[in-house]
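The next block is query_13.cif, given as mmCIF, C-alpha atoms and all ligand atoms.
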data_input
#
loop_
_atom_site.label_atom_id
_atom_site.label_comp_id
_atom_site.auth_asym_id
_atom_site.auth_seq_id
_atom_site.Cartn_x
_atom_site.Cartn_y
_atom_site.Cartn_z
CA MET A 1 0.00 0.00 0.00
CA VAL A 2 1.40 3.38 -1.04
CA ARG A 3 1.48 5.91 1.76
CA PRO A 4 2.43 9.15 0.04
CA LEU A 5 2.38 11.14 3.26
CA VAL A 6 5.04 9.03 4.96
CA LEU A 7 8.29 10.94 4.50
CA GLY A 8 11.89 9.96 5.21
CA VAL A 9 13.69 12.54 7.32
CA ALA A 10 17.11 10.91 7.85
CA ASP A 11 18.80 13.86 6.10
CA LEU A 12 17.24 16.27 8.58
CA LEU A 13 17.97 14.23 11.70
CA ARG A 14 21.71 14.31 11.10
CA ARG A 15 21.93 17.86 12.34
CA PRO A 16 19.58 20.16 14.26
CA GLY A 17 18.78 23.18 12.12
CA ASN A 18 18.62 21.24 8.87
CA GLN A 19 15.48 21.99 6.94
CA ARG A 20 13.66 20.95 3.82
CA ASP A 21 10.57 22.19 2.01
CA GLU A 22 7.93 19.77 0.80
CA GLU A 23 5.05 20.43 -1.53
CA LEU A 24 2.72 17.45 -1.76
CA VAL A 25 -0.52 17.01 -3.69
CA VAL A 26 -2.28 13.89 -2.50
CA PRO A 27 -5.84 12.58 -2.80
CA LEU A 28 -7.19 11.28 0.53
CA GLY A 29 -10.60 9.68 0.89
CA GLY A 30 -13.13 10.12 3.64
CA LEU A 31 -12.68 13.80 4.46
CA GLU A 32 -16.23 14.77 5.36
CA VAL A 33 -18.13 16.69 8.02
CA LEU A 34 -21.83 17.41 8.48
CA GLY A 35 -22.12 20.23 5.94
CA SER A 36 -19.31 19.65 3.46
CA LYS A 37 -16.72 17.23 2.14
CA VAL A 38 -13.63 17.02 -0.01
CA PRO A 39 -14.91 15.65 -3.36
CA ASP A 40 -13.78 12.10 -4.17
CA GLY A 41 -10.45 12.05 -5.93
CA GLU A 42 -9.67 15.73 -5.40
CA PRO A 43 -6.31 16.21 -3.72
CA VAL A 44 -5.14 17.84 -0.55
CA THR A 45 -2.22 20.23 -1.04
CA LEU A 46 0.49 20.43 1.61
CA ASP A 47 3.01 23.26 1.52
CA LEU A 48 5.34 22.56 4.41
CA ARG A 49 8.73 23.25 5.87
CA LEU A 50 10.35 20.43 7.84
CA GLN A 51 13.00 21.50 10.30
CA SER A 52 15.21 19.44 12.56
CA VAL A 53 15.35 20.36 16.24
CA ASN A 54 16.95 18.50 19.15
CA GLU A 55 13.75 16.67 20.05
CA GLY A 56 12.63 15.78 16.54
CA ILE A 57 11.12 17.47 13.52
CA VAL A 58 9.05 20.65 13.46
CA VAL A 59 6.56 20.87 10.60
CA THR A 60 5.13 24.28 9.68
CA GLY A 61 3.09 25.52 6.72
CA THR A 62 -0.34 25.19 5.21
CA ILE A 63 -2.64 22.31 4.33
CA ALA A 64 -5.48 23.03 1.91
CA ALA A 65 -8.24 21.09 0.20
CA PRO A 66 -11.22 21.91 -2.03
CA TRP A 67 -14.64 21.23 -0.55
CA GLU A 68 -18.20 21.00 -1.78
CA GLY A 69 -21.45 21.14 0.12
CA GLU A 70 -24.95 22.56 0.12
CA CYS A 71 -25.89 26.06 1.16
CA ARG A 72 -27.61 25.59 4.53
CA ARG A 73 -30.35 28.05 3.57
CA CYS A 74 -31.15 27.46 -0.11
CA LEU A 75 -29.54 24.00 -0.64
CA ARG A 76 -27.66 25.22 -3.73
CA ALA A 77 -24.30 23.52 -4.36
CA VAL A 78 -21.42 25.48 -2.84
CA ARG A 79 -17.68 25.06 -3.23
CA GLY A 80 -14.70 26.52 -1.51
CA THR A 81 -11.24 25.85 -0.17
CA ALA A 82 -10.47 24.72 3.36
CA GLU A 83 -7.03 25.88 4.42
CA GLY A 84 -5.33 25.57 7.77
CA ARG A 85 -1.94 26.64 9.11
CA VAL A 86 0.03 24.01 10.99
CA GLN A 87 2.95 24.05 13.38
CA GLU A 88 3.53 20.64 14.89
CA ILE A 89 6.30 18.62 16.46
CA PHE A 90 7.12 15.04 15.50
CA GLU A 91 9.13 13.30 18.22
CA GLU A 92 10.17 9.84 19.26
CA HIS A 93 7.92 9.79 22.32
CA PRO A 94 4.90 11.85 21.33
CA VAL A 95 2.53 13.38 23.84
CA GLU A 96 -0.99 12.13 23.16
CA GLY A 97 -3.04 14.86 21.49
CA GLU A 98 -0.13 17.32 21.39
CA THR A 99 2.71 15.98 19.27
CA PHE A 100 3.09 13.38 16.54
CA LYS A 101 5.23 10.27 16.23
CA LEU A 102 8.73 10.33 14.77
CA ASP A 103 9.07 6.70 13.74
CA GLY A 104 12.77 6.01 13.34
CA ASP A 105 13.71 8.26 10.45
CA ARG A 106 10.19 8.65 9.09
CA ILE A 107 7.18 10.83 9.79
CA ASP A 108 3.60 10.17 8.71
CA LEU A 109 1.81 13.40 7.80
CA GLU A 110 -1.55 11.73 7.17
CA PRO A 111 -3.05 12.05 10.68
CA LEU A 112 -2.04 15.74 10.84
CA THR A 113 -3.42 16.32 7.35
CA ARG A 114 -6.76 14.69 8.11
CA GLU A 115 -7.10 16.54 11.41
CA THR A 116 -6.33 19.91 9.79
CA VAL A 117 -8.70 19.51 6.85
CA LEU A 118 -11.55 18.20 9.03
CA LEU A 119 -11.20 21.21 11.33
CA GLU A 120 -11.35 23.64 8.42
CA LEU A 121 -14.30 22.11 6.53
CA PRO A 122 -17.39 24.31 7.01
CA LEU A 123 -20.18 22.67 9.02
CA ALA A 124 -22.87 24.98 7.67
CA PRO A 125 -21.76 26.60 4.40
CA LEU A 126 -23.57 29.50 2.73
CA CYS A 127 -23.70 30.27 -1.02
CA GLN A 128 -23.36 33.95 -0.09
CA ASP A 129 -23.42 35.79 3.23
CA ASP A 130 -26.85 37.25 2.60
CA CYS A 131 -28.47 34.19 1.03
CA ALA A 132 -32.23 34.69 1.32
CA GLY A 133 -32.89 30.95 1.61
CA LEU A 134 -35.97 28.98 0.68
CA CYS A 135 -39.48 30.23 1.36
CA PRO A 136 -40.80 28.23 4.33
CA GLU A 137 -44.31 28.48 2.85
CA CYS A 138 -43.78 27.21 -0.67
CA GLY A 139 -40.13 26.22 -0.92
CA ALA A 140 -39.24 28.77 -3.64
CA ASP A 141 -35.61 29.92 -3.78
CA ARG A 142 -36.01 33.48 -2.55
CA ASN A 143 -32.70 34.50 -4.12
CA THR A 144 -34.24 34.12 -7.56
CA THR A 145 -38.02 34.03 -7.02
CA ASP A 146 -40.39 36.48 -5.44
CA CYS A 147 -43.17 34.09 -4.48
CA GLY A 148 -45.08 36.81 -2.66
CA HIS A 149 -45.10 35.17 0.76
CA THR A 150 -44.08 37.47 3.56
CA LEU A 151 -41.97 36.14 6.36
CA GLU A 152 -42.13 36.71 10.04
CA PRO A 153 -39.17 39.01 10.56
CA SER A 154 -38.88 37.80 14.14
CA ASP A 155 -38.31 34.20 13.08
CA ASP A 156 -34.57 34.05 13.49
CA ARG A 157 -34.14 30.32 13.90
CA TRP A 158 -32.12 29.88 10.73
CA SER A 159 -29.62 32.61 11.43
CA ALA A 160 -29.25 31.30 14.98
CA LEU A 161 -28.41 27.89 13.55
CA GLY A 162 -25.75 29.57 11.46
CA GLU A 163 -23.99 30.83 14.53
CA LEU A 164 -23.83 27.39 16.13
CA ARG A 165 -20.29 26.25 16.69
CA PHE A 166 -19.42 22.64 17.31
CA ASP A 167 -16.05 23.35 18.89
CA ASP A 168 -15.62 22.15 22.45
ZN ZN B 201 -27.89 29.88 -0.40
ZN ZN B 202 -43.30 31.27 -0.90
#
This entry written out as structure tokens:
Amino acid sequence: MVRPLVLGVADLLRRPGNQRDEELVVPLGGLEVLGSKVPDGEPVTLDLRLQSVNEGIVVTGTIAAPWEGECRRCLRAVRGTAEGRVQEIFEEHPVEGETFKLDGDRIDLEPLTRETVLLELPLAPLCQDDCAGLCPECGADRNTTDCGHTLEPSDDRWSALGELRFDD
């Protein structure tokens, strides 16, 4: 099985301060949250600097992936890019939840990549900030259709949903 995100770092480990840049473009399956996902076959792009320190390897840079989903108000297809900055340590004895494993002279960037993309995928995407949504009476797309139904201006349930955060 090919694991394109497992990198050899023997050259870096020889001397603290050594560094190397890596640009990787790799399709990864199964990147999906409630409101959006990375389309099948579309790659994640990693633009990283690997640097040797006494304790291991420091990885800094950006991880980005295209996503697609449905506007939470009008259900229209929406696309965007999820991009996160990373700064992580890979060490021989990693601290659970804080650092990653340096396995001999190799590091596996896949767990970090998955974690970063999943955090950046929007849970409730919008086609545009002021999307008018669907008419609750007749289901018309109110961005394009004036169906004539008036809405209760006090009914703010949908915008409240938009503010929901699932972070803990
Ligand atoms: Zn919309
Ligand atoms: Zn209507």
Neighbourhood of ligand ZN 202 (chain B) at 7 Å, counting all atoms listed in the file, reported as a PyMOL selection string: chain A and resi 135-140+147-149
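Proximity of A:Ser36, A:Thr45, A:Asn54, A:Gln19 to Trp67 (chain A), computed with all atoms listed in the file, is greatest for A:Ser36.
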Residue neighbourhood Cys71 (chain A), 6 Å, all atoms listed in the file, exclusion window fewer than 3 positions, as a CSV table (one decimal) with C-alpha atoms, in the frame of the given file:
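Writing done, so here's result36.csv:
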chain,number,residue,atom,x,y,z
A,74,CYS,CA,-31.2,27.5,-0.1
A,75,LEU,CA,-29.5,24.0,-0.6
A,76,ARG,CA,-27.7,25.2,-3.7
A,125,PRO,CA,-21.8,26.6,4.4
A,126,LEU,CA,-23.6,29.5,2.7
A,127,CYS,CA,-23.7,30.3,-1.0
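Across the structure, CA of Val53 (chain A) and CA of Leu12 (chain A) are spaced 8.9 Å apart.
Residues in contact with Glu32 (chain A) at up to 10 Å, not including ones fewer than 2 positions away on its chain and judged by all atoms listed in the file, are Gly29, Gly30, Leu34, Gly35, Ser36, Lys37, Val38, Pro39, Trp67, Glu68, Gly69, Arg114, Val117, Leu118, Leu121, Pro122 and Leu123 of chain A.
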Using the file's own x, y and z axes, what box holds all listed atoms of region 106-124 of chain A with 4 Å on each side, keeping edges along x, y and z, and what are its centre and edge lengths in Å to one decimal, as AutoDock Vina command-line options?
--center_x -6.3 --center_y 16.8 --center_z 9.0 --size_x 41.1 --size_y 24.3 --size_z 12.9
From the set A:Asp47, A:Asp11, A:Asp146, A:Asp129, which residue has the shortest atom-to-atom contact distance to Val26 (chain A), counting all atoms listed in the file? A:Asp47
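Closest to Gly80 (chain A) among A:Val95, A:Leu48, A:Ala64, A:Cys131 is A:Ala64, based on all atoms listed in the file.
Separating CA of Gly84 (chain A) from CA of Asp108 (chain A) is a distance of 17.8 Å.
Coordinates place CA of Leu13 (chain A) at a distance of 11.0 Å from CA of Glu91 (chain A).
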With all atoms listed in the file counted, which protein, DNA or RNA residues have an atom no more than 12 Å from (13.8, 3.1, 13.5) in the file frame? Please answer as JSON, numbers by chain. {"A": [8, 9, 10, 92, 101, 102, 103, 104, 105, 106, 107]}
Counting only C-alpha atoms and all ligand atoms, the residue of A:Leu24, A:Leu7, A:Ala132, A:Val59 that sits nearest ligand ZN 201 (chain B): A:Ala132
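Take the candidates A:Gly61, A:Pro66, A:Gly56, A:Gly97 and check each one against Glu42 (chain A) using all atoms listed in the file; the shortest distance goes to A:Pro66.
Proximity to Thr113 (chain A) at 9 Å, evaluated using all atoms listed in the file and with sequence-adjacent residues fewer than 3 positions away removed, yields Leu5, Val44, Leu46, Ile63, Ala64, Leu109, Glu110, Thr116, Val117 and Leu118 of chain A.
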Taking the block just given, write region 59-79 of chain A to a file that holds N, CA and C atoms, as a PDB file, in the first residue's frame.
ATOM      1  N   VAL A  59       7.206  20.722  11.902  1.00  0.00           N
ATOM      2  CA  VAL A  59       6.557  20.871  10.605  1.00  0.00           C
ATOM      3  C   VAL A  59       5.684  22.120  10.646  1.00  0.00           C
ATOM      4  N   THR A  60       5.948  23.073   9.750  1.00  0.00           N
ATOM      5  CA  THR A  60       5.125  24.283   9.681  1.00  0.00           C
ATOM      6  C   THR A  60       4.685  24.510   8.239  1.00  0.00           C
ATOM      7  N   GLY A  61       3.548  25.201   8.071  1.00  0.00           N
ATOM      8  CA  GLY A  61       3.093  25.523   6.719  1.00  0.00           C
ATOM      9  C   GLY A  61       1.587  25.487   6.626  1.00  0.00           C
ATOM     10  N   THR A  62       1.105  25.206   5.418  1.00  0.00           N
ATOM     11  CA  THR A  62      -0.337  25.187   5.208  1.00  0.00           C
ATOM     12  C   THR A  62      -0.771  23.869   4.568  1.00  0.00           C
ATOM     13  N   ILE A  63      -1.994  23.493   4.904  1.00  0.00           N
ATOM     14  CA  ILE A  63      -2.635  22.313   4.329  1.00  0.00           C
ATOM     15  C   ILE A  63      -3.987  22.776   3.809  1.00  0.00           C
ATOM     16  N   ALA A  64      -4.252  22.507   2.527  1.00  0.00           N
ATOM     17  CA  ALA A  64      -5.478  23.035   1.914  1.00  0.00           C
ATOM     18  C   ALA A  64      -6.157  21.957   1.079  1.00  0.00           C
ATOM     19  N   ALA A  65      -7.480  22.041   1.004  1.00  0.00           N
ATOM     20  CA  ALA A  65      -8.241  21.089   0.197  1.00  0.00           C
ATOM     21  C   ALA A  65      -9.503  21.766  -0.325  1.00  0.00           C
ATOM     22  N   PRO A  66      -9.939  21.399  -1.540  1.00  0.00           N
ATOM     23  CA  PRO A  66     -11.220  21.913  -2.027  1.00  0.00           C
ATOM     24  C   PRO A  66     -12.358  21.200  -1.302  1.00  0.00           C
ATOM     25  N   TRP A  67     -13.470  21.900  -1.150  1.00  0.00           N
ATOM     26  CA  TRP A  67     -14.640  21.230  -0.554  1.00  0.00           C
ATOM     27  C   TRP A  67     -15.881  21.560  -1.358  1.00  0.00           C
ATOM     28  N   GLU A  68     -16.885  20.717  -1.198  1.00  0.00           N
ATOM     29  CA  GLU A  68     -18.195  20.998  -1.777  1.00  0.00           C
ATOM     30  C   GLU A  68     -19.250  20.673  -0.734  1.00  0.00           C
ATOM     31  N   GLY A  69     -20.356  21.368  -0.826  1.00  0.00           N
ATOM     32  CA  GLY A  69     -21.447  21.137   0.119  1.00  0.00           C
ATOM     33  C   GLY A  69     -22.703  21.796  -0.404  1.00  0.00           C
ATOM     34  N   GLU A  70     -23.699  21.902   0.476  1.00  0.00           N
ATOM     35  CA  GLU A  70     -24.952  22.559   0.123  1.00  0.00           C
ATOM     36  C   GLU A  70     -25.117  23.790   0.989  1.00  0.00           C
ATOM     37  N   CYS A  71     -25.558  24.878   0.373  1.00  0.00           N
ATOM     38  CA  CYS A  71     -25.887  26.061   1.162  1.00  0.00           C
ATOM     39  C   CYS A  71     -26.932  25.664   2.213  1.00  0.00           C
ATOM     40  N   ARG A  72     -26.697  26.026   3.461  1.00  0.00           N
ATOM     41  CA  ARG A  72     -27.611  25.588   4.527  1.00  0.00           C
ATOM     42  C   ARG A  72     -28.970  26.262   4.422  1.00  0.00           C
ATOM     43  N   ARG A  73     -29.056  27.369   3.668  1.00  0.00           N
ATOM     44  CA  ARG A  73     -30.351  28.052   3.566  1.00  0.00           C
ATOM     45  C   ARG A  73     -31.115  27.697   2.301  1.00  0.00           C
ATOM     46  N   CYS A  74     -30.412  27.655   1.139  1.00  0.00           N
ATOM     47  CA  CYS A  74     -31.149  27.458  -0.115  1.00  0.00           C
ATOM     48  C   CYS A  74     -30.817  26.111  -0.764  1.00  0.00           C
ATOM     49  N   LEU A  75     -29.891  25.349  -0.179  1.00  0.00           N
ATOM     50  CA  LEU A  75     -29.538  24.002  -0.637  1.00  0.00           C
ATOM     51  C   LEU A  75     -28.815  23.982  -1.986  1.00  0.00           C
ATOM     52  N   ARG A  76     -28.448  25.145  -2.498  1.00  0.00           N
ATOM     53  CA  ARG A  76     -27.663  25.219  -3.727  1.00  0.00           C
ATOM     54  C   ARG A  76     -26.267  24.636  -3.467  1.00  0.00           C
ATOM     55  N   ALA A  77     -25.661  24.065  -4.516  1.00  0.00           N
ATOM     56  CA  ALA A  77     -24.301  23.522  -4.361  1.00  0.00           C
ATOM     57  C   ALA A  77     -23.309  24.661  -4.123  1.00  0.00           C
ATOM     58  N   VAL A  78     -22.423  24.468  -3.180  1.00  0.00           N
ATOM     59  CA  VAL A  78     -21.424  25.481  -2.842  1.00  0.00           C
ATOM     60  C   VAL A  78     -20.052  24.810  -2.848  1.00  0.00           C
ATOM     61  N   ARG A  79     -19.049  25.571  -3.260  1.00  0.00           N
ATOM     62  CA  ARG A  79     -17.682  25.056  -3.231  1.00  0.00           C
ATOM     63  C   ARG A  79     -16.765  26.089  -2.601  1.00  0.00           C
TER      64      ARG A  79
END
